[in-house]
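In what follows, a structure is listed as structure tokens, so that the remarks can point back to it.
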Amino acid sequence: MNKRFRVKFTVMTEAPLHSPRSRAALKVCGECNLCCTVYDTPDMGKKAGQTCQHSKSDGGCGIWGLHPESCQDFKCLWLKHDDLNGLWRPDTAGFVMRFEAEGNSLCVDVDPQRPNHWRREPYYDQLKLWSEGIRRGDSRVLVYAVEGLYVVTPDEDLLLRKPRRGDRLETGMEYTLFGLTPFARIVPAAQIRQLKRA
Ligand code: SF4
Ligand code: SF4
């Protein structure tokens, strides 16, 4: 069963939370342009991890207004979610957050210049809290790091290679000698094709 991932962004901070309407309307990228580094931008001929040639060193886009539609369409979770305060703005946090298309994976895309910032507080504790969803089977937390893909679980962070096109990421809970334990594995595209033929 694939339920929608409804994350309650209860962040562990003493900063006051304002009403969703007023804050949402005020949120802008400001000096942040981390998504201009962490993602592939085929329109700009750049790969994930490379900084776009139009990215300004003091923040923002050098061709703002003429930037491609794919850039205009992207809005990270910090921008969209009122309850994520300034600590979670990607240029401060050192990572960009988004939901994957099916909506049950909270993805953390790490700034390659700050590969371990997601492990700092308050981020790491919060990611661990959100990772409880793997026990319920309704959500998961994925960290796309330089060294691979971490499936964050309440117990441990499971490191896998990053999935390639057509691969399937399977996660959940399974019984082991140590009781009910989280698991994660990549099913390669070739194996999926083979299974379909069988
Ligand atoms: S990462 Fe988010 S806040 Fe930063 S520039 Fe991109 S959309 Fe704006
Ligand atoms: S064109 Fe502008 S918005 Fe798009 S990736 Fe480059 S700097 Fe970012």
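Convention: chains lettered A, B, ... in structure tokens order; per-chain residue numbering from 1; ligands numbered from 1 as shown.
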Test item: residues lying within 6 Å of ligand 2 with only C-alpha atoms and all ligand atoms, as a list in words: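 After applying the 6 Å limit, what remains is Cys36, Cys52, His54, Ser55, Cys61, Ile63, His67 and Cys71 of chain A.
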Neighbour list for range 187-190 of chain A as a ChimeraX atom specification, cut-off 9 Å, only C-alpha atoms, skip fewer than 2 positions in-chain: /A:163-170,185,192-195
For the selection just defined, write its residues with C-alpha atoms to a file, as a PDB file, in the first residue's frame.
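That gives us out.pdb:
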```pdb
ATOM      1  CA  PRO A 163      19.903   4.078  -7.909  1.00  0.00           C
ATOM      2  CA  ARG A 164      20.378   4.298 -11.678  1.00  0.00           C
ATOM      3  CA  ARG A 165      17.598   4.827 -14.203  1.00  0.00           C
ATOM      4  CA  GLY A 166      15.127   1.928 -14.020  1.00  0.00           C
ATOM      5  CA  ASP A 167      16.426   0.585 -10.683  1.00  0.00           C
ATOM      6  CA  ARG A 168      13.935   0.140  -7.882  1.00  0.00           C
ATOM      7  CA  LEU A 169      14.616   1.142  -4.305  1.00  0.00           C
ATOM      8  CA  GLU A 170      12.885  -1.170  -1.854  1.00  0.00           C
ATOM      9  CA  ARG A 185      18.016  -2.590  -1.157  1.00  0.00           C
ATOM     10  CA  ILE A 192      13.370  -6.162 -12.838  1.00  0.00           C
ATOM     11  CA  ARG A 193      13.212  -6.786 -16.599  1.00  0.00           C
ATOM     12  CA  GLN A 194      14.153 -10.429 -16.025  1.00  0.00           C
ATOM     13  CA  LEU A 195      11.421 -10.838 -13.380  1.00  0.00           C
TER      14      LEU A 195
END
```
Taking only residues of range 54-89 of chain A that have an atom at most 10 Å from an atom of range 96-110 of chain A, what is each one's shortest atom pair and its distance in Å to one decimal, using only C-alpha atoms, in chain and number order, as JSON lines?
```
{"residue": "A:Phe74", "atom": "CA", "partner": "A:Arg98", "partner_atom": "CA", "distance": 9.6}
{"residue": "A:Lys75", "atom": "CA", "partner": "A:Arg98", "partner_atom": "CA", "distance": 8.2}
{"residue": "A:Cys76", "atom": "CA", "partner": "A:Arg98", "partner_atom": "CA", "distance": 5.5}
{"residue": "A:Leu77", "atom": "CA", "partner": "A:Arg98", "partner_atom": "CA", "distance": 5.2}
{"residue": "A:Trp78", "atom": "CA", "partner": "A:Met97", "partner_atom": "CA", "distance": 7.0}
{"residue": "A:Leu79", "atom": "CA", "partner": "A:Met97", "partner_atom": "CA", "distance": 9.6}
{"residue": "A:Lys80", "atom": "CA", "partner": "A:Arg98", "partner_atom": "CA", "distance": 9.6}
{"residue": "A:Trp88", "atom": "CA", "partner": "A:Val96", "partner_atom": "CA", "distance": 8.7}
{"residue": "A:Arg89", "atom": "CA", "partner": "A:Val96", "partner_atom": "CA", "distance": 8.0}
```
Who sits within 12 Å of Pro182 in chain A, only C-alpha atoms, same chain under 6 positions skipped, as a ChimeraX atom specification: /A:131-137,140,151-158,170-176
Take the residues from that selection and write them out as a CSV table (one decimal), in the first residue's frame, keeping N, CA and C atoms.
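Full text of out_23.csv as output:
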```
chain,number,residue,atom,x,y,z
A,131,SER,N,12.1,9.8,10.1
A,131,SER,CA,12.3,8.5,9.6
A,131,SER,C,11.5,7.4,10.2
A,132,GLU,N,10.8,7.7,11.3
A,132,GLU,CA,9.9,6.8,12.0
A,132,GLU,C,8.9,6.2,11.0
A,133,GLY,N,8.6,6.9,9.9
A,133,GLY,CA,7.6,6.5,8.9
A,133,GLY,C,8.0,5.1,8.3
A,134,ILE,N,9.2,4.8,8.3
A,134,ILE,CA,9.6,3.5,7.7
A,134,ILE,C,9.0,2.3,8.6
A,135,ARG,N,8.8,2.5,9.8
A,135,ARG,CA,8.2,1.5,10.7
A,135,ARG,C,6.8,1.3,10.4
A,136,ARG,N,6.1,2.4,10.1
A,136,ARG,CA,4.7,2.4,9.8
A,136,ARG,C,4.4,1.9,8.3
A,137,GLY,N,5.5,2.0,7.5
A,137,GLY,CA,5.4,1.7,6.1
A,137,GLY,C,4.7,2.7,5.2
A,140,ARG,N,9.5,7.4,4.0
A,140,ARG,CA,10.9,7.1,4.3
A,140,ARG,C,11.7,8.4,4.0
A,151,VAL,N,19.5,5.5,3.4
A,151,VAL,CA,18.1,5.4,3.8
A,151,VAL,C,18.2,5.5,5.4
A,152,VAL,N,17.7,6.7,5.8
A,152,VAL,CA,17.7,7.0,7.3
A,152,VAL,C,16.6,6.2,8.0
A,153,THR,N,17.0,5.5,9.0
A,153,THR,CA,16.0,4.8,9.8
A,153,THR,C,16.2,5.2,11.3
A,154,PRO,N,15.2,4.9,12.1
A,154,PRO,CA,15.4,5.3,13.5
A,154,PRO,C,16.6,4.6,14.2
A,155,ASP,N,17.0,3.4,13.6
A,155,ASP,CA,18.1,2.7,14.2
A,155,ASP,C,19.4,3.0,13.6
A,156,GLU,N,19.5,3.0,12.3
A,156,GLU,CA,20.8,3.2,11.7
A,156,GLU,C,20.6,3.8,10.3
A,157,ASP,N,21.6,4.3,9.7
A,157,ASP,CA,21.5,4.9,8.3
A,157,ASP,C,22.1,3.9,7.4
A,158,LEU,N,21.3,3.4,6.5
A,158,LEU,CA,21.7,2.3,5.6
A,158,LEU,C,22.3,2.9,4.3
A,170,GLU,N,13.9,-0.5,-2.7
A,170,GLU,CA,12.9,-1.2,-1.9
A,170,GLU,C,13.3,-0.9,-0.4
A,171,THR,N,12.3,-0.5,0.4
A,171,THR,CA,12.6,-0.3,1.8
A,171,THR,C,11.5,-0.8,2.6
A,172,GLY,N,11.7,-1.1,3.9
A,172,GLY,CA,10.6,-1.6,4.8
A,172,GLY,C,11.2,-2.2,6.0
A,173,MET,N,10.4,-3.1,6.6
A,173,MET,CA,10.8,-3.8,7.8
A,173,MET,C,10.8,-5.3,7.6
A,174,GLU,N,11.8,-6.0,8.2
A,174,GLU,CA,11.8,-7.4,8.0
A,174,GLU,C,12.2,-8.1,9.3
A,175,TYR,N,11.8,-9.3,9.5
A,175,TYR,CA,12.2,-10.0,10.7
A,175,TYR,C,13.6,-10.6,10.5
A,176,THR,N,14.4,-10.3,11.5
A,176,THR,CA,15.8,-10.9,11.5
A,176,THR,C,16.0,-11.5,12.9
```
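When CA of Gln53 in chain A is paired with CA of Gly30 in chain A, their separation reads 18.4 Å.
With distances restricted to only C-alpha atoms and all ligand atoms, A:Gly86 is the closest residue to ligand 1 from A:Gly86, A:Gly148, A:Gly49, A:Pro112.
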12 Å contact set for Tyr123 in chain A, only C-alpha atoms, chain neighbours under 5 positions out, as a PyMOL selection string: chain A and resi 9-13+84-85+87-90+92-97+108+116-118+128-130+143
Those of range 56-105 of chain A in DSSP strand (DSSP E), formatted as a PyMOL selection string: chain A and resi 95-99+105
Every residue of range 38-68 of chain A that DSSP places in helix (DSSP H, G or I), as a PyMOL selection string: chain A and resi 38+42-44
Store the residues picked out above, limited to C-alpha atoms, as a PDB file, in the first residue's frame.
```pdb
ATOM      1  CA  VAL A  38      22.922  20.170  -6.377  1.00  0.00           C
ATOM      2  CA  PRO A  42      20.119  19.937 -18.744  1.00  0.00           C
ATOM      3  CA  ASP A  43      18.911  23.322 -20.050  1.00  0.00           C
ATOM      4  CA  MET A  44      22.175  24.768 -18.751  1.00  0.00           C
TER       5      MET A  44
END
```
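Of the residues under consideration (A:Cys35, A:Leu159, A:Ala145, A:Ile186), A:Cys35 shows the shortest atom-to-atom contact distance to ligand 1 when counting only C-alpha atoms and all ligand atoms.
Taking CA of Lys46 in chain A and CA of Tyr150 in chain A as endpoints, the distance between them is 24.1 Å.
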Atom pair atom 5 (S, counted along the ligand's line) of ligand 1 / CA of Ser139 in chain A: separation (Å): 25.5 Å
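Among the candidate residues A:Gly59, A:Pro68, A:Pro122, A:Gly179, the one lying nearest to Thr37 in chain A is A:Gly59, with distances computed using only C-alpha atoms.
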